[in-house]
Every structure is written in structure tokens, then in C-alpha cells.
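Pasted below: data-v1.txt, compact mmCIF, C-alpha atoms.
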# COMPACT_ATOMS: atom_id res chain seq x y z
CA MET A 1042 -36.33 -102.37 -39.60
CA ASP A 1043 -36.09 -104.98 -36.81
CA GLU A 1044 -32.38 -104.18 -36.36
CA LYS A 1045 -33.22 -100.62 -35.23
CA VAL A 1046 -35.73 -101.73 -32.58
CA ILE A 1047 -34.41 -102.66 -29.15
CA LYS A 1048 -36.56 -105.38 -27.63
CA ILE A 1049 -36.63 -105.93 -23.86
CA GLY A 1050 -38.17 -109.14 -22.70
CA LEU A 1051 -40.90 -109.25 -20.07
CA SER A 1052 -38.69 -111.36 -17.83
CA VAL A 1053 -36.34 -108.40 -17.35
CA PHE A 1054 -39.12 -106.26 -15.92
CA GLN A 1055 -40.38 -109.16 -13.84
CA GLY A 1056 -36.91 -109.61 -12.40
CA ARG A 1057 -36.60 -105.95 -11.46
CA TYR A 1058 -40.03 -106.13 -9.84
CA ASN A 1059 -39.04 -109.09 -7.70
CA ILE A 1060 -35.89 -107.47 -6.33
CA ASP A 1061 -36.15 -106.88 -2.61
CA VAL A 1062 -36.62 -103.27 -1.53
CA PRO A 1063 -33.52 -101.97 0.29
CA VAL A 1064 -33.73 -101.84 4.08
CA ASN A 1065 -33.24 -98.06 4.27
CA ILE A 1066 -36.24 -97.52 1.98
CA MET A 1067 -38.37 -99.87 4.04
CA ASN A 1068 -37.38 -98.03 7.25
CA LYS A 1069 -38.25 -94.70 5.66
CA ALA A 1070 -41.64 -96.05 4.59
CA ASP A 1071 -42.36 -97.26 8.12
CA ALA A 1072 -41.40 -93.87 9.55
CA LEU A 1073 -43.73 -92.09 7.13
CA LYS A 1074 -46.61 -94.40 8.03
CA LYS A 1075 -46.14 -93.64 11.72
CA SER A 1076 -45.79 -89.87 11.32
CA CYS A 1077 -48.28 -89.25 8.47
CA SER A 1078 -51.72 -90.81 8.72
CA CYS A 1079 -52.36 -90.27 5.01
CA PHE A 1080 -49.89 -93.08 4.26
CA ASP A 1081 -51.51 -95.42 6.72
CA SER A 1082 -54.90 -95.92 5.02
CA TYR A 1083 -56.44 -95.72 1.58
CA TYR A 1084 -59.10 -93.03 1.14
CA ASP A 1085 -61.53 -92.99 -1.73
CA PRO A 1086 -61.97 -89.32 -2.81
CA LYS A 1087 -65.67 -89.91 -3.40
CA MET A 1088 -66.06 -91.26 0.12
CA ILE A 1089 -64.28 -88.20 1.52
CA TRP A 1090 -66.70 -85.93 -0.35
CA GLU A 1091 -69.72 -87.89 0.89
CA LYS A 1092 -68.33 -87.71 4.41
CA LYS A 1093 -68.03 -83.92 4.17
CA LEU A 1094 -71.61 -83.63 2.97
CA ASN A 1095 -72.83 -85.89 5.74
CA ASN A 1096 -70.90 -83.94 8.38
CA LYS A 1097 -72.38 -80.70 7.04
CA LYS A 1098 -75.91 -82.10 7.32
CA GLU A 1099 -75.27 -83.33 10.84
CA LYS A 1100 -73.82 -79.96 11.83
CA SER A 1101 -76.85 -78.11 10.42
CA LEU A 1102 -79.21 -80.42 12.29
CA HIS A 1103 -77.13 -80.03 15.42
CA ILE A 1104 -77.33 -76.23 15.23
CA ALA A 1105 -81.03 -76.26 14.42
CA ASN A 1106 -81.71 -78.28 17.54
CA ASN A 1107 -79.60 -75.88 19.65
CA THR A 1108 -77.64 -78.74 21.18
CA GLY A 1109 -74.06 -78.78 22.42
CA THR A 1110 -71.73 -76.01 21.31
CA GLY A 1111 -73.42 -75.72 17.91
CA ALA A 1112 -75.87 -73.10 19.18
CA ALA A 1113 -73.00 -70.91 20.33
CA THR A 1114 -71.29 -70.96 16.93
CA ASN A 1115 -74.59 -70.00 15.28
CA LYS A 1116 -75.03 -66.70 17.12
CA GLY A 1117 -73.26 -64.65 14.48
CA ARG A 1118 -75.50 -65.77 11.66
CA PHE A 1119 -78.11 -63.48 10.13
CA HIS A 1120 -81.69 -64.69 10.36
CA ILE A 1121 -84.79 -63.30 8.69
CA ILE A 1122 -87.81 -63.68 10.91
CA ILE A 1123 -91.21 -62.53 9.66
CA PRO A 1124 -93.54 -62.32 12.66
CA ASP A 1125 -96.34 -60.67 10.69
CA PHE A 1126 -98.78 -63.31 9.48
CA SER A 1127 -101.64 -60.92 8.75
CA VAL A 1128 -103.55 -61.15 5.49
CA ASN A 1129 -101.90 -57.89 4.44
CA SER A 1130 -98.38 -59.26 4.92
CA CYS A 1131 -99.15 -62.67 3.40
CA THR A 1132 -100.77 -61.05 0.37
CA LYS A 1133 -97.78 -58.80 -0.28
CA ARG A 1134 -95.32 -61.69 0.10
CA ALA A 1135 -97.41 -63.85 -2.24
CA LEU A 1136 -97.50 -61.06 -4.82
CA ILE A 1137 -93.74 -60.47 -4.70
CA GLY A 1138 -93.19 -64.22 -4.94
CA TYR A 1139 -95.30 -64.45 -8.09
CA LEU A 1140 -93.66 -61.37 -9.61
CA ASN A 1141 -90.23 -62.91 -9.03
CA LYS A 1142 -91.31 -66.21 -10.59
CA LEU A 1143 -92.96 -64.65 -13.65
CA THR A 1144 -91.29 -65.67 -16.91
CA ALA A 1145 -92.29 -65.88 -20.56
CA LYS A 1146 -92.79 -69.64 -20.17
CA ASN A 1147 -95.02 -69.66 -17.08
CA LYS A 1148 -96.70 -66.28 -17.55
CA GLU A 1149 -100.20 -67.65 -18.23
CA THR A 1150 -100.20 -69.58 -14.95
CA ILE A 1151 -98.72 -66.73 -12.91
CA TYR A 1152 -101.03 -64.17 -14.51
CA VAL A 1153 -104.04 -66.03 -13.11
CA LYS A 1154 -102.58 -66.01 -9.59
CA ILE A 1155 -101.69 -62.30 -9.68
CA LYS A 1156 -105.09 -61.41 -11.14
CA ALA A 1157 -106.73 -63.21 -8.22
CA ILE A 1158 -104.72 -61.08 -5.77
CA ILE A 1159 -105.74 -57.90 -7.58
CA ASP A 1160 -109.41 -58.94 -7.67
CA ASN A 1161 -109.37 -59.81 -3.96
CA ASN A 1162 -108.09 -56.34 -3.11
CA LYS A 1163 -110.31 -54.20 -5.33
CA SER A 1164 -112.91 -53.64 -2.62
CA VAL A 1165 -110.36 -51.98 -0.31
CA ASN A 1166 -110.39 -48.83 -2.45
CA GLY A 1167 -114.09 -49.05 -3.16
CA VAL A 1168 -113.36 -50.49 -6.60
CA SER A 1169 -115.94 -52.92 -7.85
CA GLY A 1170 -114.63 -56.44 -7.86
CA ILE A 1171 -114.43 -59.66 -5.93
CA SER A 1172 -114.52 -59.29 -2.18
CA GLY A 1173 -111.35 -60.02 -0.24
CA VAL A 1174 -113.02 -62.09 2.47
CA ASN A 1175 -111.26 -65.27 1.47
CA GLY A 1176 -107.79 -63.76 1.67
CA VAL A 1177 -104.78 -65.22 -0.13
CA ASN A 1178 -103.28 -68.70 -0.07
CA GLY A 1179 -105.81 -69.94 2.42
CA VAL A 1180 -105.34 -67.06 4.88
CA SER A 1181 -108.71 -65.80 5.96
CA GLY A 1182 -109.38 -62.11 6.57
CA THR A 1183 -111.66 -59.18 5.93
CA ASP A 1184 -111.35 -56.39 3.39
CA ALA A 1185 -109.82 -54.16 6.08
CA ASP A 1186 -106.96 -56.65 6.49
CA LEU A 1187 -105.97 -56.54 2.83
CA PRO A 1188 -103.22 -54.25 1.45
CA ASP A 1189 -104.07 -51.03 -0.32
CA LEU A 1190 -104.67 -51.69 -4.01
CA LYS A 1191 -102.37 -48.77 -4.76
CA ASP A 1192 -99.51 -50.62 -3.04
CA ILE A 1193 -100.10 -53.63 -5.27
CA PHE A 1194 -100.17 -51.38 -8.31
CA LEU A 1195 -96.88 -49.70 -7.36
CA SER A 1196 -95.21 -53.08 -6.72
CA ILE A 1197 -96.10 -54.17 -10.23
CA TRP A 1198 -95.03 -50.76 -11.55
CA SER A 1199 -91.56 -51.19 -10.03
CA TYR A 1200 -91.16 -54.56 -11.77
CA ILE A 1201 -92.22 -53.02 -15.09
CA LYS A 1202 -89.45 -50.44 -14.75
CA ALA A 1203 -86.78 -52.99 -13.85
CA THR A 1204 -87.54 -55.60 -16.52
CA ASP A 1205 -85.30 -56.15 -19.52
CA SER A 1206 -87.31 -55.79 -22.72
CA ILE A 1207 -86.64 -54.92 -26.32
CA ASP A 1208 -90.02 -53.27 -26.76
CA GLY A 1209 -93.30 -52.93 -24.92
CA GLU A 1210 -94.73 -56.24 -26.06
CA ASN A 1211 -91.78 -58.10 -24.58
CA ASN A 1212 -92.30 -56.65 -21.10
CA ILE A 1213 -94.33 -59.41 -19.47
CA TYR A 1214 -95.24 -57.21 -16.49
CA ILE A 1215 -97.11 -54.53 -18.50
CA LYS A 1216 -99.90 -57.05 -19.17
CA LEU A 1217 -100.68 -57.05 -15.43
CA LEU A 1218 -101.95 -53.47 -15.62
CA GLU A 1219 -104.96 -54.71 -17.57
CA TYR A 1220 -106.23 -56.57 -14.49
CA PHE A 1221 -106.92 -53.35 -12.59
CA ASP A 1222 -110.27 -51.61 -12.80
CA SER A 1223 -110.33 -49.13 -15.69
CA ALA A 1224 -111.09 -46.07 -13.55
CA PHE A 1225 -108.44 -47.02 -10.97
CA LEU A 1226 -105.82 -47.65 -13.66
CA THR A 1227 -106.59 -44.40 -15.49
CA SER A 1228 -106.36 -42.40 -12.26
CA ASN A 1229 -102.96 -43.83 -11.34
CA ILE A 1230 -101.56 -43.63 -14.87
CA ASP A 1231 -102.63 -39.97 -15.05
CA ARG A 1232 -100.97 -39.22 -11.72
CA LEU A 1233 -97.68 -40.89 -12.70
CA TRP A 1234 -97.75 -39.35 -16.17
CA ASP A 1235 -98.19 -35.85 -14.77
CA SER A 1236 -95.32 -36.42 -12.35
CA TYR A 1237 -93.15 -37.76 -15.19
CA LEU A 1238 -93.66 -34.61 -17.24
CA VAL A 1239 -93.61 -32.01 -14.45
CA ASN A 1240 -90.51 -33.44 -12.75
CA LYS A 1241 -88.84 -34.30 -16.07
CA GLU A 1242 -88.12 -37.83 -14.89
CA TRP A 1243 -86.81 -38.66 -18.36
CA ILE A 1244 -83.76 -36.48 -17.65
CA PRO A 1245 -80.85 -38.52 -16.22
CA PRO A 1246 -79.96 -38.08 -12.52
CA LYS A 1247 -77.26 -35.59 -11.58
CA TYR A 1248 -74.52 -38.22 -11.13
CA ILE A 1249 -74.85 -39.17 -14.81
CA PHE A 1250 -74.12 -35.57 -15.82
CA GLU A 1251 -71.28 -35.13 -13.33
CA ASN A 1252 -69.37 -38.32 -14.16
CA ASN A 1253 -68.26 -39.69 -17.50
CA LEU A 1254 -69.44 -43.18 -16.71
CA LEU A 1255 -67.94 -44.63 -19.88
CA LEU A 1256 -64.42 -43.71 -18.73
CA LEU A 1257 -64.57 -44.46 -15.00
CA ASN A 1258 -62.95 -47.85 -14.40
CA ASN A 1259 -63.57 -48.01 -10.66
CA GLU A 1260 -67.17 -46.81 -10.57
CA TYR A 1261 -68.95 -50.02 -11.46
CA GLU A 1262 -71.86 -49.32 -9.11
CA LEU A 1263 -72.48 -45.92 -10.70
CA TYR A 1264 -72.52 -47.49 -14.13
CA CYS A 1265 -74.96 -50.18 -12.99
CA ASP A 1266 -77.24 -47.50 -11.53
CA TYR A 1267 -77.09 -45.67 -14.86
CA ILE A 1268 -78.09 -48.82 -16.78
CA LYS A 1269 -80.99 -49.44 -14.37
CA TRP A 1270 -82.19 -45.86 -14.74
CA LYS A 1271 -82.02 -45.98 -18.54
CA LYS A 1272 -83.86 -49.30 -18.63
CA GLY A 1273 -86.59 -47.93 -16.37
CA VAL A 1274 -87.08 -44.80 -18.50
CA HIS A 1275 -87.38 -46.79 -21.72
CA ASN A 1276 -89.93 -49.13 -20.13
CA LEU A 1277 -91.98 -46.21 -18.80
CA ASN A 1278 -91.95 -44.55 -22.21
CA ILE A 1279 -93.48 -47.74 -23.62
CA ILE A 1280 -96.29 -47.49 -21.07
CA TRP A 1281 -96.95 -43.88 -22.02
CA ILE A 1282 -97.23 -44.90 -25.68
CA LYS A 1283 -99.86 -47.47 -24.74
CA TYR A 1284 -101.90 -45.46 -22.25
CA LYS A 1285 -101.21 -41.89 -23.41
CA PRO A 1286 -101.23 -42.21 -27.22
CA THR A 1287 -102.73 -38.78 -27.81
CA GLU A 1288 -100.29 -37.06 -25.45
CA ILE A 1289 -97.05 -38.83 -26.32
CA SER A 1290 -96.10 -35.94 -28.61
CA VAL A 1291 -95.79 -33.74 -25.50
CA LEU A 1292 -93.07 -36.03 -24.14
CA LEU A 1293 -91.30 -36.21 -27.51
CA ASN A 1294 -91.27 -32.43 -27.85
CA ASP A 1295 -90.00 -32.01 -24.28
CA ILE A 1296 -87.13 -34.42 -24.91
CA TYR A 1297 -86.26 -32.82 -28.24
CA GLY A 1298 -86.39 -29.33 -26.74
CA TYR A 1299 -84.08 -30.25 -23.87
CA LEU A 1300 -81.73 -32.03 -26.28
CA THR A 1301 -81.36 -29.07 -28.63
CA GLU A 1302 -81.45 -26.26 -26.06
CA LYS A 1303 -79.44 -27.72 -23.16
CA CYS A 1304 -77.22 -30.46 -24.56
CA ILE A 1305 -76.16 -30.08 -28.19
CA GLY A 1306 -73.24 -27.67 -28.41
CA ASN A 1307 -72.72 -27.64 -24.64
CA PRO A 1308 -69.06 -28.60 -23.94
CA SER A 1309 -69.88 -29.74 -20.40
CA ILE A 1310 -72.32 -32.40 -21.63
CA HIS A 1311 -70.85 -35.86 -22.21
CA LYS A 1312 -71.52 -37.33 -25.65
CA TYR A 1313 -73.35 -40.36 -24.29
CA ILE A 1314 -75.90 -38.08 -22.58
CA ILE A 1315 -76.88 -36.72 -25.98
CA ASP A 1316 -77.24 -40.34 -27.11
CA ILE A 1317 -79.53 -41.03 -24.14
CA PHE A 1318 -82.09 -38.48 -25.33
CA ILE A 1319 -81.88 -39.46 -28.99
CA GLU A 1320 -82.23 -43.12 -28.04
CA GLN A 1321 -85.38 -42.29 -26.08
CA ILE A 1322 -86.84 -40.55 -29.12
CA LEU A 1323 -85.88 -43.50 -31.35
CA LYS A 1324 -87.50 -46.12 -29.11
CA ILE A 1325 -90.68 -44.10 -28.70
CA LEU A 1326 -91.00 -43.69 -32.47
CA ASN A 1327 -90.30 -47.40 -33.02
CA ASN A 1328 -93.29 -48.29 -30.84
CA CYS A 1329 -95.64 -45.42 -31.71
CA ASN A 1330 -98.49 -46.14 -34.14
CA ASN A 1331 -99.50 -42.50 -34.55
CA LYS A 1332 -98.07 -41.67 -37.98
CA GLN A 1333 -98.60 -37.94 -37.59
CA VAL A 1334 -96.63 -37.85 -34.34
CA VAL A 1335 -93.85 -39.93 -35.88
CA LYS A 1336 -93.65 -37.78 -39.01
CA ALA A 1337 -93.54 -34.52 -37.05
CA MET A 1338 -90.64 -35.72 -34.90
CA VAL A 1339 -88.73 -37.12 -37.88
CA GLU A 1340 -88.93 -33.72 -39.56
CA LYS A 1341 -87.50 -32.11 -36.42
CA MET A 1342 -84.63 -34.61 -36.28
CA LYS A 1343 -83.78 -33.77 -39.91
CA LEU A 1344 -83.01 -30.22 -38.79
CA LEU A 1345 -80.00 -31.43 -36.80
CA ASP A 1346 -76.54 -31.09 -38.31
CA VAL A 1347 -75.87 -34.82 -38.44
CA LYS A 1348 -72.25 -34.45 -39.60
CA SER A 1349 -71.35 -32.54 -36.43
CA PHE A 1350 -71.94 -35.60 -34.22
CA ASP A 1351 -69.81 -38.65 -33.48
CA SER A 1352 -70.47 -41.88 -35.34
CA SER A 1353 -72.65 -43.49 -32.63
CA THR A 1354 -74.87 -40.40 -32.44
CA ARG A 1355 -75.11 -40.16 -36.22
CA PHE A 1356 -76.15 -43.81 -36.31
CA LEU A 1357 -79.07 -43.12 -33.95
CA ILE A 1358 -80.18 -40.07 -35.91
CA TYR A 1359 -80.02 -41.92 -39.24
CA ASN A 1360 -82.11 -44.71 -37.72
CA ILE A 1361 -84.79 -42.13 -37.03
CA ILE A 1362 -84.82 -40.15 -40.26
CA GLU A 1363 -84.16 -42.98 -42.74
CA ASN A 1364 -86.41 -45.73 -41.38
CA LYS A 1365 -89.60 -43.71 -40.95

Output the file's structure as C-alpha cells, nothing else.
Amino acid sequence: MDEKVIKIGLSVFQGRYNIDVPVNIMNKADALKKSCSCFDSYYDPKMIWEKKLNNKKEKSLHIANNTGTGAATNKGRFHIIIPDFSVNSCTKRALIGYLNKLTAKNKETIYVKIKAIIDNNKSVNGVSGISGVNGVNGVSGTDADLPDLKDIFLSIWSYIKATDSIDGENNIYIKLLEYFDSAFLTSNIDRLWDSYLVNKEWIPPKYIFENNLLLLNNEYELYCDYIKWKKGVHNLNIIWIKYKPTEISVLLNDIYGYLTEKCIGNPSIHKYIIDIFIEQILKILNNCNNKQVVKAMVEKMKLLDVKSFDSSTRFLIYNIIENK
């Protein structure tokens, strides 16, 4: 085995190392040092990074103080200046801040803060509650300075629509509706419910009918708008189940009627639009505790010719008629 291994002694390498570097190489090295500064000094990469960070901080401070030429280079930057420091403005900003921070982990803490804002604004609409004299976050003011309670309600409503949730119980914003006075909440829910039915807000916008969003590769924004709309409709339907339990059958029948009369069998209707309506029915039934309402709609869904649909549509229908 030793005969097949070529051994080179350390002295050989040491000898090669000690050989003088040729003059032409030395001259070339000197020329590089003079023409390229990177060969002249040793730079620690970490030190370079720290230097960049330090220069950035100094530049920011320089611009902030409007000294030298820094102020001139800062003219093109976009600044948000909020000159309104009224109780109304501060209250709205505080509310939006809490709504943005609200998560499943911190919800109990944030709920208390949002409830305080709602209570402080109840007197504006003549709703019994805590007076708003103390304002929000230490800002003093009178009831007249506070935002309309309806504005606060609609802000929360918009977050309910936009929140990802599997079912109603997982939408952490719906809980906030309970902090409003019963009469005020009922009045606003009734108004929005009537608008939802009269204007058929559960029907997709026109662009969803006019474009096959599942095939358009360059219409990402349209598809995102479609997803936002669908999410909002499902979340609103959950609210109707909770606050309109005796009237939810009206919505179900409207959706079913539009589905069977306007969509099924219509060659101009994209398949996924049919799925939109059936999915709405499915999610409402999954969250509805009224057995009579559920049974009546299941019987209607059984009347559909399931075999005439594509697999995804059949799957939704079977979920309705087999699991109820």
C-alpha cells in the first residue's frame, strides 16, 4: 500500500515558499497598489457594513436638521403631516391603530381599549353611556369634539369585511359590535341588512362577470379585488346569521333563486361564478343553527341536476346535501 502513495516532505513546500518572488511580479504588485486602493489596505467586511450604517444614520440626522446640502436632496421625499390634533382626529387615529394591532393573542387587551373609545362616544348620538369629556389618550375635549358614533361603527364594519376567517367565531372584529348600545346596533344592522338585500350586494361586481379571472394571467389586481369581495361577502353573511337569524332564509332564497334562474344553464356565466353562489349557501348553512332553515335549503339543493356540473361544483353541492 505504501508503494502506491507518493509522499512529499514538508521541506519541499518550505523551499518553494522561500523562493524570492520574481521582479516582474513585484513590479506588477506595486503598480496595482498605486492604481487600485483596494490592494493598498485591508478592509474587514463587518467594519464596512457598520460604516455604511453609521453613514446612513449621520445622513438622516443631517437631513432632519436641514443643514448643508442634505435639505436640498430631501425635497423630493413624501411626508405625511397631520395638522389636525382635535379630539375627533386623535380618537379616529387611536381607533384605527387599535384595529390594526388587534390579533387573536392580544384581543382581550385591545378589546378594552376599543370599548373605551366606543363608550366615550356614545353620548354624541344621544346614546346612553359614558360621557366623552375626558377624550382619548389624554386629549381633553367635549362631546361635540368627538367623532360620530356611526363613523366608529362603520370603521369596525370595514375591518369585519376585510378579515380572514374560517367562520364567524374566528372573526375577532365581530365581537366589537357587542360594545355598541343595543338600540344603536339594531338600527345600523337593520339599515345595512336592508341595503344588502335591496341592492343584492351578495351578487359579484360586474367585472367578475365580464372577465374569466381564473384564466387571466396579467390581471392580478382584478383577481385580488375578486378575493377581497368574496371574503367580505362571506364575513357579512356570518353577521346576518348572528343578528338576523329569523330572516336569514330570505337571503338564502334570494341567492338560490338567482343561481337557478340567472346562472345555471346560462352559457355566458363562468363556472366559478356558479361556485360563488353555492359556496355562499354552503357557508351560511354551516354556521346557521336554525334546523328548519337548513333543511329547507338542503331540499332545494337536492333538486339540482348534480351530474350536469363540473367536479368542483358537484363537490360543493354534495357538501350541502350529504352533511346536513

Atom CA of A:Lys1312 and atom CA of A:Lys1336 are how many Å apart?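 About the pair atom CA of A:Lys1312 and atom CA of A:Lys1336: they are 25.9 Å apart.
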
Counting only C-alpha atoms, the residue of A:Ile1325, A:Ile1305, A:Ile1362, A:Met1067 that sits nearest A:Ser1349: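 Ranked by minimum distance to A:Ser1349, first place goes to A:Ile1305.
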
At what distance in Å, to one decimal, does atom CA of A:Asn1328 lie from atom CA of A:Ile1279?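 Computing it gives 7.2 Å between the two atoms.
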
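Computed from the coordinates, the atom CA of A:Phe1054 to atom CA of A:Leu1073 distance equals 27.4 Å.
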
Among listed residues A:Ser1196, A:Asn1330, A:Ser1052, A:Ser1352, nearest A:Leu1218 (using only C-alpha atoms):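 Ranking A:Ser1196, A:Asn1330, A:Ser1052, A:Ser1352 by distance to A:Leu1218, first place goes to A:Ser1196.
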
What lies within 12 Å of A:Asn1141 using all atoms listed in the file, ignoring chain neighbours under 3 positions off, as an MDAnalysis selection string? chainID A and resid 1134:1138 1144 1147:1148 1151 1155 1196:1197 1199:1201 1203:1204 1213:1214

Store the residues of this selection in a file with C-alpha atoms, as a PDB file, in the coordinates of the input.
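Below is the file result-v4.pdb, written as the result:
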ATOM      1  CA  ARG A1134     -95.320 -61.690   0.100  1.00  0.00           C
ATOM      2  CA  ALA A1135     -97.410 -63.850  -2.240  1.00  0.00           C
ATOM      3  CA  LEU A1136     -97.500 -61.060  -4.820  1.00  0.00           C
ATOM      4  CA  ILE A1137     -93.740 -60.470  -4.700  1.00  0.00           C
ATOM      5  CA  GLY A1138     -93.190 -64.220  -4.940  1.00  0.00           C
ATOM      6  CA  THR A1144     -91.290 -65.670 -16.910  1.00  0.00           C
ATOM      7  CA  ASN A1147     -95.020 -69.660 -17.080  1.00  0.00           C
ATOM      8  CA  LYS A1148     -96.700 -66.280 -17.550  1.00  0.00           C
ATOM      9  CA  ILE A1151     -98.720 -66.730 -12.910  1.00  0.00           C
ATOM     10  CA  ILE A1155    -101.690 -62.300  -9.680  1.00  0.00           C
ATOM     11  CA  SER A1196     -95.210 -53.080  -6.720  1.00  0.00           C
ATOM     12  CA  ILE A1197     -96.100 -54.170 -10.230  1.00  0.00           C
ATOM     13  CA  SER A1199     -91.560 -51.190 -10.030  1.00  0.00           C
ATOM     14  CA  TYR A1200     -91.160 -54.560 -11.770  1.00  0.00           C
ATOM     15  CA  ILE A1201     -92.220 -53.020 -15.090  1.00  0.00           C
ATOM     16  CA  ALA A1203     -86.780 -52.990 -13.850  1.00  0.00           C
ATOM     17  CA  THR A1204     -87.540 -55.600 -16.520  1.00  0.00           C
ATOM     18  CA  ILE A1213     -94.330 -59.410 -19.470  1.00  0.00           C
ATOM     19  CA  TYR A1214     -95.240 -57.210 -16.490  1.00  0.00           C
TER      20      TYR A1214
END

Give me the residues within 12 Å of A:Asn1327 as a VMD selection string, counting all atoms listed in the file and dropping any in the same chain fewer than 2 places off. chain A and resid 1207 to 1209 1275 1278 to 1279 1282 1320 to 1325 1329 to 1332 1334 to 1336 1338 to 1339 1360 to 1362 1364 to 1365

With all atoms listed in the file as the atoms that count, which of A:Tyr1313, A:Ile1319, A:Thr1301, A:Asn1162 lies nearest to A:Leu1344?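 Closest residue, counting all atoms listed in the file: A:Thr1301.
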
Kindly indicate which residue among A:Leu1277, A:Ile1289, A:Ile1049, A:Leu1255 lies nearest to A:Ile1314, using only C-alpha atoms for the distances. A:Leu1255

Would you give the centre and edge lengths, in Å to one decimal, of a box along x, y and z around the listed atoms of stretch 1135-1140 of chain A, with 8 Å added to each side, as lines of an AutoDock Vina configuration file?
center_x = -95.3
center_y = -62.5
center_z = -5.9
size_x = 20.3
size_y = 20.0
size_z = 23.4

Go through A:Asn1065, A:Asp1205, A:Asp1160, A:Tyr1152 one by one, measure the shortest atom-to-atom distance of each to A:Leu1190 using all atoms listed in the file, and give the residue with the smallest value.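 Among the listed residues, A:Asp1160 lies closest to A:Leu1190.
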
A:Ile1315, A:Val1239, A:Leu1226, A:Ala1337 ranked by distance to A:Arg1355, top pick (using all atoms listed in the file):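 With all atoms listed in the file as the atom set, the closest residue is A:Ile1315.
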